[in-house]
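**Student:** I am sharing work_22.cif, which consists of mmCIF, C-alpha atoms and all ligand atoms:
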data_upload
loop_
_atom_site.group_PDB
_atom_site.id
_atom_site.type_symbol
_atom_site.label_atom_id
_atom_site.label_comp_id
_atom_site.auth_asym_id
_atom_site.auth_seq_id
_atom_site.Cartn_x
_atom_site.Cartn_y
_atom_site.Cartn_z
ATOM 1 C CA MET Q 1 71.316 -22.169 6.438
ATOM 2 C CA THR Q 2 70.807 -25.790 5.559
ATOM 3 C CA ASP Q 3 67.951 -27.654 4.001
ATOM 4 C CA THR Q 4 69.195 -30.921 5.458
ATOM 5 C CA VAL Q 5 67.117 -32.559 8.174
ATOM 6 C CA LEU Q 6 68.905 -34.781 10.692
ATOM 7 C CA ALA Q 7 67.649 -37.229 13.337
ATOM 8 C CA VAL Q 8 70.030 -39.054 15.677
ATOM 9 C CA LEU Q 9 68.811 -42.432 16.937
ATOM 10 C CA ASN Q 10 68.932 -43.135 20.652
ATOM 11 C CA GLN Q 11 68.953 -46.917 20.265
ATOM 12 C CA PRO Q 12 69.867 -48.007 16.721
ATOM 13 C CA SER Q 13 69.743 -51.681 17.760
ATOM 14 C CA ARG Q 14 67.698 -53.436 20.436
ATOM 15 C CA HIS Q 15 70.725 -55.663 20.954
ATOM 16 C CA ALA Q 16 72.754 -52.792 22.430
ATOM 17 C CA ASP Q 17 72.086 -50.239 25.167
ATOM 18 C CA PRO Q 18 70.462 -46.918 24.319
ATOM 19 C CA HIS Q 19 72.662 -43.845 24.501
ATOM 20 C CA ASP Q 20 70.247 -42.299 26.993
ATOM 21 C CA PRO Q 21 67.740 -44.626 28.734
ATOM 22 C CA SER Q 22 65.269 -41.802 29.271
ATOM 23 C CA ALA Q 23 65.437 -40.187 25.841
ATOM 24 C CA ASP Q 24 63.071 -40.475 22.894
ATOM 25 C CA ALA Q 25 63.671 -42.901 20.013
ATOM 26 C CA TYR Q 26 65.441 -40.150 18.084
ATOM 27 C CA THR Q 27 66.327 -36.525 18.627
ATOM 28 C CA TRP Q 28 66.359 -33.726 16.099
ATOM 29 C CA ALA Q 29 69.793 -32.295 15.559
ATOM 30 C CA LYS Q 30 71.384 -29.495 13.593
ATOM 31 C CA PRO Q 31 73.260 -31.073 10.659
ATOM 32 C CA LEU Q 32 76.121 -28.573 10.676
ATOM 33 C CA GLU Q 33 76.929 -29.013 14.353
ATOM 34 C CA GLU Q 34 79.267 -31.696 15.607
ATOM 35 C CA HIS Q 35 77.610 -34.955 16.718
ATOM 36 C CA LEU Q 36 80.139 -37.640 16.030
ATOM 37 C CA GLN Q 37 82.732 -38.475 18.626
ATOM 38 C CA VAL Q 38 86.255 -38.505 17.233
ATOM 39 C CA GLN Q 39 86.744 -42.133 18.284
ATOM 40 C CA ASP Q 40 83.654 -43.370 16.466
ATOM 41 C CA LEU Q 41 84.692 -46.449 14.504
ATOM 42 C CA GLY Q 42 82.576 -45.314 11.580
ATOM 43 C CA ALA Q 43 84.840 -42.298 11.199
ATOM 44 C CA ILE Q 44 88.207 -43.860 11.976
ATOM 45 C CA ARG Q 45 87.778 -47.271 10.344
ATOM 46 C CA GLY Q 46 84.790 -46.895 8.009
ATOM 47 C CA ASP Q 47 83.294 -49.593 10.243
ATOM 48 C CA GLY Q 48 79.582 -49.296 9.659
ATOM 49 C CA VAL Q 49 76.804 -49.583 7.119
ATOM 50 C CA PHE Q 50 74.538 -47.193 5.294
ATOM 51 C CA GLU Q 51 71.648 -46.875 2.884
ATOM 52 C CA THR Q 52 70.676 -44.078 0.511
ATOM 53 C CA ILE Q 53 66.963 -44.000 -0.168
ATOM 54 C CA THR Q 54 65.219 -41.972 -2.876
ATOM 55 C CA VAL Q 55 62.467 -39.712 -1.559
ATOM 56 C CA VAL Q 56 59.852 -38.514 -4.054
ATOM 57 C CA ASP Q 57 57.372 -35.879 -2.884
ATOM 58 C CA GLY Q 58 58.219 -36.804 0.697
ATOM 59 C CA ARG Q 59 57.717 -40.544 0.068
ATOM 60 C CA PRO Q 60 60.697 -42.869 0.722
ATOM 61 C CA GLN Q 61 60.922 -45.414 -2.089
ATOM 62 C CA ALA Q 62 61.721 -49.107 -1.779
ATOM 63 C CA LEU Q 63 61.871 -48.493 1.971
ATOM 64 C CA GLU Q 64 61.425 -52.107 3.066
ATOM 65 C CA PRO Q 65 64.064 -53.479 0.622
ATOM 66 C CA HIS Q 66 66.463 -50.766 1.823
ATOM 67 C CA LEU Q 67 65.792 -51.661 5.474
ATOM 68 C CA ALA Q 68 66.237 -55.362 4.710
ATOM 69 C CA ARG Q 69 69.577 -54.651 3.012
ATOM 70 C CA PHE Q 70 70.642 -52.456 5.951
ATOM 71 C CA VAL Q 71 70.029 -55.434 8.248
ATOM 72 C CA ARG Q 72 71.860 -57.780 5.851
ATOM 73 C CA SER Q 73 74.867 -55.467 5.602
ATOM 74 C CA ALA Q 74 74.989 -55.106 9.400
ATOM 75 C CA ALA Q 75 74.929 -58.906 9.765
ATOM 76 C CA MET Q 76 77.835 -59.244 7.306
ATOM 77 C CA LEU Q 77 79.850 -56.881 9.551
ATOM 78 C CA ASP Q 78 78.723 -58.647 12.764
ATOM 79 C CA LEU Q 79 77.105 -55.410 13.911
ATOM 80 C CA PRO Q 80 74.122 -55.578 16.279
ATOM 81 C CA GLU Q 81 70.931 -55.959 14.281
ATOM 82 C CA PRO Q 82 69.390 -52.575 13.408
ATOM 83 C CA ASP Q 83 65.990 -52.016 15.005
ATOM 84 C CA VAL Q 84 64.047 -51.615 11.757
ATOM 85 C CA ASP Q 85 61.009 -50.121 13.503
ATOM 86 C CA ALA Q 86 63.135 -47.349 15.023
ATOM 87 C CA TRP Q 87 64.890 -46.725 11.708
ATOM 88 C CA ARG Q 88 61.636 -46.696 9.728
ATOM 89 C CA GLN Q 89 60.158 -44.199 12.176
ATOM 90 C CA ALA Q 90 63.210 -41.913 11.960
ATOM 91 C CA ILE Q 91 63.303 -42.124 8.143
ATOM 92 C CA GLU Q 92 59.632 -41.251 7.869
ATOM 93 C CA ALA Q 93 60.107 -38.393 10.332
ATOM 94 C CA VAL Q 94 62.992 -36.764 8.407
ATOM 95 C CA CYS Q 95 61.083 -37.160 5.134
ATOM 96 C CA ALA Q 96 58.023 -35.502 6.649
ATOM 97 C CA ARG Q 97 60.082 -32.626 8.052
ATOM 98 C CA LEU Q 98 61.887 -31.874 4.805
ATOM 99 C CA ASP Q 99 60.710 -28.778 2.918
ATOM 100 C CA PRO Q 100 58.507 -29.952 0.026
ATOM 101 C CA VAL Q 101 60.688 -30.934 -2.902
ATOM 102 C CA HIS Q 102 60.060 -33.373 -5.775
ATOM 103 C CA GLU Q 103 63.257 -35.423 -5.445
ATOM 104 C CA ALA Q 104 65.252 -35.854 -2.263
ATOM 105 C CA PHE Q 105 67.144 -38.609 -0.532
ATOM 106 C CA ALA Q 106 67.396 -40.010 2.968
ATOM 107 C CA LYS Q 107 70.626 -41.512 4.192
ATOM 108 C CA THR Q 108 70.782 -43.923 7.125
ATOM 109 C CA VAL Q 109 74.120 -44.589 8.801
ATOM 110 C CA MET Q 110 74.888 -47.052 11.563
ATOM 111 C CA THR Q 111 78.452 -47.386 12.839
ATOM 112 C CA ARG Q 112 79.987 -49.689 15.417
ATOM 113 C CA GLY Q 113 80.089 -46.643 17.682
ATOM 114 C CA VAL Q 114 82.849 -45.384 19.905
ATOM 115 C CA GLU Q 115 85.510 -48.034 20.413
ATOM 116 C CA GLY Q 116 84.737 -50.133 23.479
ATOM 117 C CA SER Q 117 81.293 -48.613 24.066
ATOM 118 C CA GLY Q 118 79.341 -51.552 22.625
ATOM 119 C CA ARG Q 119 76.705 -49.061 21.423
ATOM 120 C CA PRO Q 120 76.275 -48.382 17.725
ATOM 121 C CA THR Q 121 75.862 -44.823 16.530
ATOM 122 C CA GLY Q 122 72.941 -44.184 14.215
ATOM 123 C CA TRP Q 123 71.555 -41.246 12.338
ATOM 124 C CA VAL Q 124 69.403 -40.473 9.352
ATOM 125 C CA TYR Q 125 69.309 -37.302 7.348
ATOM 126 C CA ALA Q 126 67.363 -36.148 4.335
ATOM 127 C CA ALA Q 127 68.186 -33.452 1.807
ATOM 128 C CA PRO Q 128 67.073 -32.450 -1.688
ATOM 129 C CA SER Q 129 68.766 -34.382 -4.529
ATOM 130 C CA GLY Q 130 70.835 -32.623 -7.145
ATOM 131 C CA ASP Q 131 69.456 -32.383 -10.681
ATOM 132 C CA GLN Q 132 69.817 -35.796 -12.358
ATOM 133 C CA SER Q 133 68.266 -34.879 -15.689
ATOM 134 C CA VAL Q 134 71.491 -34.762 -17.753
ATOM 135 C CA ALA Q 135 72.491 -38.317 -16.786
ATOM 136 C CA ARG Q 136 68.943 -39.569 -17.384
ATOM 137 C CA THR Q 137 68.398 -37.927 -20.757
ATOM 138 C CA GLU Q 138 71.865 -37.622 -22.302
ATOM 139 C CA GLY Q 139 73.430 -40.734 -20.833
ATOM 140 C CA ILE Q 140 76.741 -41.378 -19.134
ATOM 141 C CA ALA Q 141 80.164 -42.464 -20.333
ATOM 142 C CA VAL Q 142 81.645 -45.397 -18.428
ATOM 143 C CA VAL Q 143 85.000 -47.131 -18.356
ATOM 144 C CA THR Q 144 85.612 -50.670 -17.185
ATOM 145 C CA LEU Q 145 88.038 -51.024 -14.272
ATOM 146 C CA ASP Q 146 89.499 -54.184 -12.775
ATOM 147 C CA ARG Q 147 88.229 -54.568 -9.200
ATOM 148 C CA GLY Q 148 91.089 -56.910 -8.367
ATOM 149 C CA TYR Q 149 88.887 -59.707 -6.998
ATOM 150 C CA ARG Q 150 87.551 -62.887 -8.606
ATOM 151 C CA HIS Q 151 83.800 -63.140 -9.098
ATOM 152 C CA ASP Q 152 83.552 -65.772 -6.317
ATOM 153 C CA VAL Q 153 85.155 -63.507 -3.694
ATOM 154 C CA GLU Q 154 81.969 -63.328 -1.601
ATOM 155 C CA ARG Q 155 82.222 -67.082 -0.981
ATOM 156 C CA THR Q 156 86.007 -67.450 -0.728
ATOM 157 C CA SER Q 157 86.764 -64.313 1.308
ATOM 158 C CA PRO Q 158 83.653 -63.027 3.096
ATOM 159 C CA TRP Q 159 85.841 -60.755 5.269
ATOM 160 C CA LEU Q 160 86.333 -58.547 2.225
ATOM 161 C CA LEU Q 161 82.656 -57.623 2.723
ATOM 162 C CA GLN Q 162 81.925 -57.496 -0.990
ATOM 163 C CA GLY Q 163 78.178 -57.220 -1.361
ATOM 164 C CA ALA Q 164 77.699 -55.323 1.907
ATOM 165 C CA LYS Q 165 76.914 -51.612 1.843
ATOM 166 C CA THR Q 166 79.674 -50.535 4.200
ATOM 167 C CA LEU Q 167 80.916 -47.042 4.962
ATOM 168 C CA SER Q 168 84.271 -47.941 3.393
ATOM 169 C CA TYR Q 169 83.623 -46.273 0.047
ATOM 170 C CA ALA Q 170 87.066 -44.713 -0.384
ATOM 171 C CA VAL Q 171 87.845 -47.389 -3.002
ATOM 172 C CA ASN Q 172 84.636 -46.649 -4.921
ATOM 173 C CA MET Q 173 85.417 -42.928 -4.837
ATOM 174 C CA ALA Q 174 88.977 -43.589 -6.062
ATOM 175 C CA ALA Q 175 87.550 -45.630 -8.960
ATOM 176 C CA LEU Q 176 85.206 -42.766 -9.771
ATOM 177 C CA ARG Q 177 88.139 -40.331 -9.864
ATOM 178 C CA GLU Q 178 90.033 -42.736 -12.129
ATOM 179 C CA ALA Q 179 86.998 -42.868 -14.427
ATOM 180 C CA GLU Q 180 86.952 -39.061 -14.497
ATOM 181 C CA ARG Q 181 90.678 -38.977 -15.289
ATOM 182 C CA ARG Q 182 89.858 -41.199 -18.265
ATOM 183 C CA GLY Q 183 87.174 -38.759 -19.383
ATOM 184 C CA ALA Q 184 84.190 -40.820 -18.196
ATOM 185 C CA ASP Q 185 81.359 -40.239 -15.729
ATOM 186 C CA ASP Q 186 81.480 -43.571 -13.941
ATOM 187 C CA ALA Q 187 83.327 -46.854 -13.707
ATOM 188 C CA LEU Q 188 82.052 -50.364 -14.202
ATOM 189 C CA PHE Q 189 83.978 -52.890 -12.127
ATOM 190 C CA VAL Q 190 85.102 -56.155 -13.701
ATOM 191 C CA SER Q 191 86.376 -59.197 -11.772
ATOM 192 C CA THR Q 192 89.921 -60.461 -12.322
ATOM 193 C CA ASP Q 193 88.398 -63.497 -14.030
ATOM 194 C CA GLY Q 194 86.532 -61.376 -16.555
ATOM 195 C CA TYR Q 195 82.981 -60.947 -15.256
ATOM 196 C CA VAL Q 196 81.200 -57.614 -15.264
ATOM 197 C CA LEU Q 197 80.214 -56.674 -11.699
ATOM 198 C CA GLU Q 198 78.644 -53.270 -10.911
ATOM 199 C CA GLY Q 199 79.262 -49.539 -11.030
ATOM 200 C CA THR Q 200 80.893 -47.563 -8.229
ATOM 201 C CA ARG Q 201 77.419 -46.815 -6.852
ATOM 202 C CA ALA Q 202 75.050 -48.532 -9.275
ATOM 203 C CA ASN Q 203 74.016 -51.811 -10.868
ATOM 204 C CA LEU Q 204 74.187 -52.682 -14.539
ATOM 205 C CA VAL Q 205 71.153 -53.774 -16.524
ATOM 206 C CA MET Q 206 71.471 -54.690 -20.206
ATOM 207 C CA ALA Q 207 68.856 -55.067 -22.907
ATOM 208 C CA VAL Q 208 69.690 -58.272 -24.775
ATOM 209 C CA ASP Q 209 67.428 -59.498 -27.592
ATOM 210 C CA GLY Q 210 64.352 -58.053 -25.904
ATOM 211 C CA ARG Q 211 65.287 -59.336 -22.438
ATOM 212 C CA PHE Q 212 66.679 -57.459 -19.430
ATOM 213 C CA VAL Q 213 69.824 -59.043 -18.014
ATOM 214 C CA THR Q 214 71.774 -58.072 -14.894
ATOM 215 C CA PRO Q 215 74.861 -59.631 -13.291
ATOM 216 C CA ARG Q 216 74.069 -62.326 -10.738
ATOM 217 C CA THR Q 217 73.961 -60.876 -7.234
ATOM 218 C CA ASP Q 218 76.081 -63.628 -5.620
ATOM 219 C CA ILE Q 219 79.329 -62.398 -7.174
ATOM 220 C CA GLY Q 220 80.362 -59.850 -4.557
ATOM 221 C CA ILE Q 221 78.109 -57.019 -5.690
ATOM 222 C CA LEU Q 222 75.337 -55.131 -3.995
ATOM 223 C CA ALA Q 223 71.832 -56.427 -4.739
ATOM 224 C CA GLY Q 224 70.269 -53.187 -5.978
ATOM 225 C CA THR Q 225 66.841 -51.991 -4.921
ATOM 226 C CA THR Q 226 66.527 -49.975 -8.144
ATOM 227 C CA GLN Q 227 67.551 -52.932 -10.305
ATOM 228 C CA ALA Q 228 64.975 -55.102 -8.511
ATOM 229 C CA ASP Q 229 62.273 -52.527 -9.220
ATOM 230 C CA VAL Q 230 63.342 -52.217 -12.860
ATOM 231 C CA PHE Q 231 62.902 -55.978 -13.155
ATOM 232 C CA ARG Q 232 59.434 -55.551 -11.589
ATOM 233 C CA PHE Q 233 58.694 -52.904 -14.235
ATOM 234 C CA ALA Q 234 59.988 -55.213 -16.988
ATOM 235 C CA GLU Q 235 57.916 -58.160 -15.818
ATOM 236 C CA GLY Q 236 54.820 -55.923 -15.828
ATOM 237 C CA GLU Q 237 55.639 -55.044 -19.441
ATOM 238 C CA GLY Q 238 56.091 -58.682 -20.470
ATOM 239 C CA ILE Q 239 59.875 -58.270 -20.797
ATOM 240 C CA ALA Q 240 61.772 -61.375 -19.647
ATOM 241 C CA THR Q 241 64.451 -60.791 -17.000
ATOM 242 C CA SER Q 242 67.434 -62.784 -15.857
ATOM 243 C CA TYR Q 243 70.415 -62.762 -13.518
ATOM 244 C CA GLU Q 244 73.497 -64.075 -15.316
ATOM 245 C CA LEU Q 245 77.261 -64.155 -15.316
ATOM 246 C CA VAL Q 246 78.060 -61.340 -17.733
ATOM 247 C CA THR Q 247 81.358 -61.282 -19.627
ATOM 248 C CA LEU Q 248 82.943 -58.300 -21.366
ATOM 249 C CA ALA Q 249 81.882 -59.908 -24.664
ATOM 250 C CA ASP Q 250 78.269 -59.987 -23.412
ATOM 251 C CA LEU Q 251 78.571 -56.322 -22.439
ATOM 252 C CA GLU Q 252 79.824 -55.475 -25.914
ATOM 253 C CA ALA Q 253 77.047 -57.451 -27.611
ATOM 254 C CA ALA Q 254 74.167 -55.970 -25.566
ATOM 255 C CA ASP Q 255 71.628 -53.734 -27.329
ATOM 256 C CA ALA Q 256 71.475 -51.094 -24.563
ATOM 257 C CA LEU Q 257 72.968 -50.572 -21.129
ATOM 258 C CA TRP Q 258 71.852 -48.721 -18.014
ATOM 259 C CA LEU Q 259 73.418 -47.997 -14.654
ATOM 260 C CA LEU Q 260 70.717 -48.062 -12.005
ATOM 261 C CA SER Q 261 70.790 -46.611 -8.531
ATOM 262 C CA SER Q 262 68.767 -44.737 -5.983
ATOM 263 C CA VAL Q 263 68.768 -40.954 -6.558
ATOM 264 C CA ARG Q 264 70.093 -41.061 -10.165
ATOM 265 C CA GLN Q 265 67.658 -43.872 -11.088
ATOM 266 C CA ALA Q 266 68.207 -45.144 -14.662
ATOM 267 C CA ALA Q 267 71.137 -43.579 -16.505
ATOM 268 C CA PRO Q 268 71.568 -44.896 -20.043
ATOM 269 C CA VAL Q 269 75.173 -45.665 -20.984
ATOM 270 C CA ARG Q 270 76.265 -43.685 -24.033
ATOM 271 C CA SER Q 271 79.794 -45.085 -24.275
ATOM 272 C CA VAL Q 272 81.985 -47.814 -22.807
ATOM 273 C CA ASN Q 273 85.758 -47.255 -22.839
ATOM 274 C CA GLY Q 274 85.272 -44.513 -25.416
ATOM 275 C CA VAL Q 275 83.174 -46.669 -27.785
ATOM 276 C CA THR Q 276 79.757 -45.150 -28.480
ATOM 277 C CA ARG Q 277 76.777 -47.304 -27.531
ATOM 278 C CA ALA Q 278 73.189 -47.189 -28.709
ATOM 279 C CA MET Q 279 70.821 -45.809 -26.070
ATOM 280 C CA ASP Q 280 67.130 -46.611 -25.794
ATOM 281 C CA LEU Q 281 65.959 -43.215 -24.567
ATOM 282 C CA ALA Q 282 62.258 -44.010 -24.936
ATOM 283 C CA MET Q 283 62.659 -47.061 -22.695
ATOM 284 C CA THR Q 284 64.822 -45.027 -20.293
ATOM 285 C CA GLU Q 285 62.036 -42.483 -19.913
ATOM 286 C CA ARG Q 286 59.479 -45.192 -19.225
ATOM 287 C CA ILE Q 287 61.764 -46.796 -16.652
ATOM 288 C CA ASN Q 288 62.388 -43.486 -14.898
ATOM 289 C CA ASP Q 289 58.682 -42.599 -14.945
ATOM 290 C CA PHE Q 290 57.991 -45.962 -13.322
ATOM 291 C CA LEU Q 291 60.748 -45.536 -10.739
ATOM 292 C CA LEU Q 292 59.756 -42.000 -9.775
ATOM 293 C CA SER Q 293 56.101 -42.907 -9.372
ATOM 294 C CA ARG Q 294 56.677 -45.872 -7.067
ATOM 295 C CA GLU Q 295 54.188 -45.806 -4.223
ATOM 296 C CA GLN Q 296 56.628 -47.532 -1.892
HETATM 297 N N1 LIG I 301 76.153 -51.036 -6.219
HETATM 298 C C1 LIG I 301 76.814 -50.205 -5.387
HETATM 299 C C2 LIG I 301 78.273 -50.444 -5.108
HETATM 300 C C3 LIG I 301 76.141 -49.130 -4.774
HETATM 301 O O1 LIG I 301 76.792 -48.322 -3.935
HETATM 302 C C4 LIG I 301 74.770 -48.931 -5.066
HETATM 303 C C5 LIG I 301 74.002 -47.837 -4.463
HETATM 304 O O2 LIG I 301 74.466 -46.898 -3.932
HETATM 305 C C6 LIG I 301 74.137 -49.781 -5.954
HETATM 306 C C7 LIG I 301 74.852 -50.851 -6.499
HETATM 307 C C8 LIG I 301 72.687 -49.581 -6.323
HETATM 308 O O3 LIG I 301 71.822 -49.850 -5.246
HETATM 309 P P1 LIG I 301 70.398 -49.169 -5.111
HETATM 310 O O4 LIG I 301 69.710 -49.313 -6.418
HETATM 311 O O5 LIG I 301 69.723 -49.950 -4.043
HETATM 312 O O6 LIG I 301 70.628 -47.743 -4.766
#
If you convert what's in this file into structure tokens, what do you get?

**Tutor:**
Amino acid sequence: MTDTVLAVLNQPSRHADPHDPSADAYTWAKPLEEHLQVQDLGAIRGDGVFETITVVDGRPQALEPHLARFVRSAAMLDLPEPDVDAWRQAIEAVCARLDPVHEAFAKTVMTRGVEGSGRPTGWVYAAPSGDQSVARTEGIAVVTLDRGYRHDVERTSPWLLQGAKTLSYAVNMAALREAERRGADDALFVSTDGYVLEGTRANLVMAVDGRFVTPRTDIGILAGTTQADVFRFAEGEGIATSYELVTLADLEAADALWLLSSVRQAAPVRSVNGVTRAMDLAMTERINDFLLSREQ
């Protein structure tokens, strides 16, 4: 038994041949059966891109920003451009086929495909999300971890693919395990030259003197769809927003902190490196209400 719904794309990019010239745009598949060839570069090199999209009452949220980022990530890896119409159609189809559930997610994956084939592999699946209420209402403990790169790495070393949402998340998962070893729920990466970057799977937003501040997105971090929508919420509320270089001193001085991401949405930070932080739970609730009621 599975409540996961899976669609496999026949032609993930118009710039590469379809897998089967006579097949439909996507085919339904059974998630627990094998589909991936063992030589797929996504599996053996983490050579591919993905997106995780929140689905509320069957509605994918921030779909167009996610698709745009999928295309951007693919371009950073020199992958053939994803056919956004085909992907949108497959995402909407898996969301529609999912058993009714309030919160779910859809995950799109496009790999470089089997070595030498020149055809990317693509699939999208949707499944119910786990319960996120503890993180949203009680907050999360974070530790800062050195990412080992300067904040200008995206410009100096684009081959490191910082800022792309690639399948190579083993490093992020290792950082998460290190955070857990230190008794925390998540890690916040810091550049070697002292700038606060992002979480292992989330962006940071800080409340600072009545403003919302987030690290600049040109410093080798992922431009978050949730963070962008939280800024939209803030602007609607008359709260000023800005993208800045954030130091550890700025982090310490901020009035409240959140880690923002699809699925978990806004998680208030209750401690950093073991030091308790003030949480604005009323604002957190308003942010999460806004995020979960997005029409698109
Ligand atoms: N930063 C990283 C490294 C991520 O993996 C993610 C999402 O998974 C985010 C930020 C937040 O992005 P979004 O809000 O679009 O989910």

**Student:** Expand the PyMOL selection byres (((not hetatm)) within 9 of (chain I and resi 301)) into the individual residues it matches in the shown file, reporting them as a ChimeraX atom specification.

**Tutor:** /Q:51-54,62,65-66,69,162-166,169,172,197-204,221-229,259-265

**Student:** Output the residue selection produced by the PyMOL selection byres (((chain Q and resi 144) around 8) and not hetatm) on the file above, formatted as a list in words.

**Tutor:**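 For this structure, the PyMOL selection byres (((chain Q and resi 144) around 8) and not hetatm) captures Val142, Val143, Leu145, Asp146, Ala187, Leu188, Phe189, Val190, Val272 and Asn273 of chain Q.
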
**Student:** I would like the residues chosen by the PyMOL selection byres (((chain Q and resi 168) around 8) and not hetatm) on the shown file; could you give them as a PyMOL selection string?

**Tutor:** chain Q and resi 45-48+166-167+169-171

**Student:** Name the residues in contact with Arg119 (chain Q) at a cut-off of 6 Å, using all atoms listed in the file, excluding same-chain residues fewer than 2 positions from it; report them as a ChimeraX atom specification.

**Tutor:** /Q:16,113,117

**Student:** Write the residues you've just listed into a file as a short mmCIF file (atom, residue, chain, number, x, y, z; two decimals), in the coordinates of the input, and include C-alpha atoms for each of them.

**Tutor:**
data_model
loop_
_atom_site.label_atom_id
_atom_site.label_comp_id
_atom_site.auth_asym_id
_atom_site.auth_seq_id
_atom_site.Cartn_x
_atom_site.Cartn_y
_atom_site.Cartn_z
CA ALA Q 16 72.75 -52.79 22.43
CA GLY Q 113 80.09 -46.64 17.68
CA SER Q 117 81.29 -48.61 24.07
#

**Student:** Using only C-alpha atoms for the distances, tell me which of Q:Leu248, Q:Leu41, Q:Ala75, Q:Val84 is nearest to Val114 (chain Q).

**Tutor:**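 Closest to Val114 (chain Q) of all the choices is Q:Leu41.
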
**Student:** I need the residue nearest Asp40 (chain Q) from this list: Q:Ala93, Q:Met110, Q:Leu77, Q:Val71. Use only C-alpha atoms for the distance.

**Tutor:** Q:Met110

**Student:** Quick check, in Å to one decimal: how far apart do CA of Phe231 (chain Q) and CA of Val196 (chain Q) lie?

**Tutor:** 18.5 Å

**Student:** Find the distance between CA of Asp209 (chain Q) and CA of Leu292 (chain Q) and write it in Å to one decimal.

**Tutor:**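 Rounded to one decimal, the two atoms are 26.1 Å apart.
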
**Student:** Give as a PyMOL selection string each residue that has an atom at most 9 Å from (70.0, -50.5, 16.7) in the file, counting all atoms listed in the file.

**Tutor:** chain Q and resi 9-18+80-84+86-87+110+119-122

**Student:** Please compute the CA of Ala207 (chain Q)-CA of Val275 (chain Q) distance, one decimal, in Å.

**Tutor:**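 Separation of CA of Ala207 (chain Q) and CA of Val275 (chain Q): 17.3 Å.
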
**Student:** Name the closest residue to Thr214 (chain Q) among the candidates Q:Leu245, Q:Ala174, Q:Ala106, Q:Leu32; distances are taken between atoms, counting all atoms listed in the file.

**Tutor:**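 Among Q:Leu245, Q:Ala174, Q:Ala106, Q:Leu32, it is Q:Leu245 that comes nearest to Thr214 (chain Q).
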
**Student:** Which residue gives the smallest distance to Thr156 (chain Q) among Q:Gly194, Q:Ala267, Q:Glu180, Q:Asp218, with all atoms listed in the file counted?

**Tutor:**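 Ranked by minimum distance to Thr156 (chain Q), first place goes to Q:Asp218.
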
**Student:** From the set Q:Ala43, Q:Ala240, Q:Arg216, Q:Ala141, which residue has the shortest atom-to-atom contact distance to Arg277 (chain Q), counting all atoms listed in the file?

**Tutor:**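 Ranking Q:Ala43, Q:Ala240, Q:Arg216, Q:Ala141 by distance to Arg277 (chain Q), first place goes to Q:Ala141.
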
**Student:** I need the residue nearest Arg136 (chain Q) from this list: Q:Thr192, Q:Gln296, Q:Asn288, Q:Ser73. Use all atoms listed in the file for the distance.

**Tutor:**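 Checking each candidate against Arg136 (chain Q), we get Q:Asn288 as the closest.
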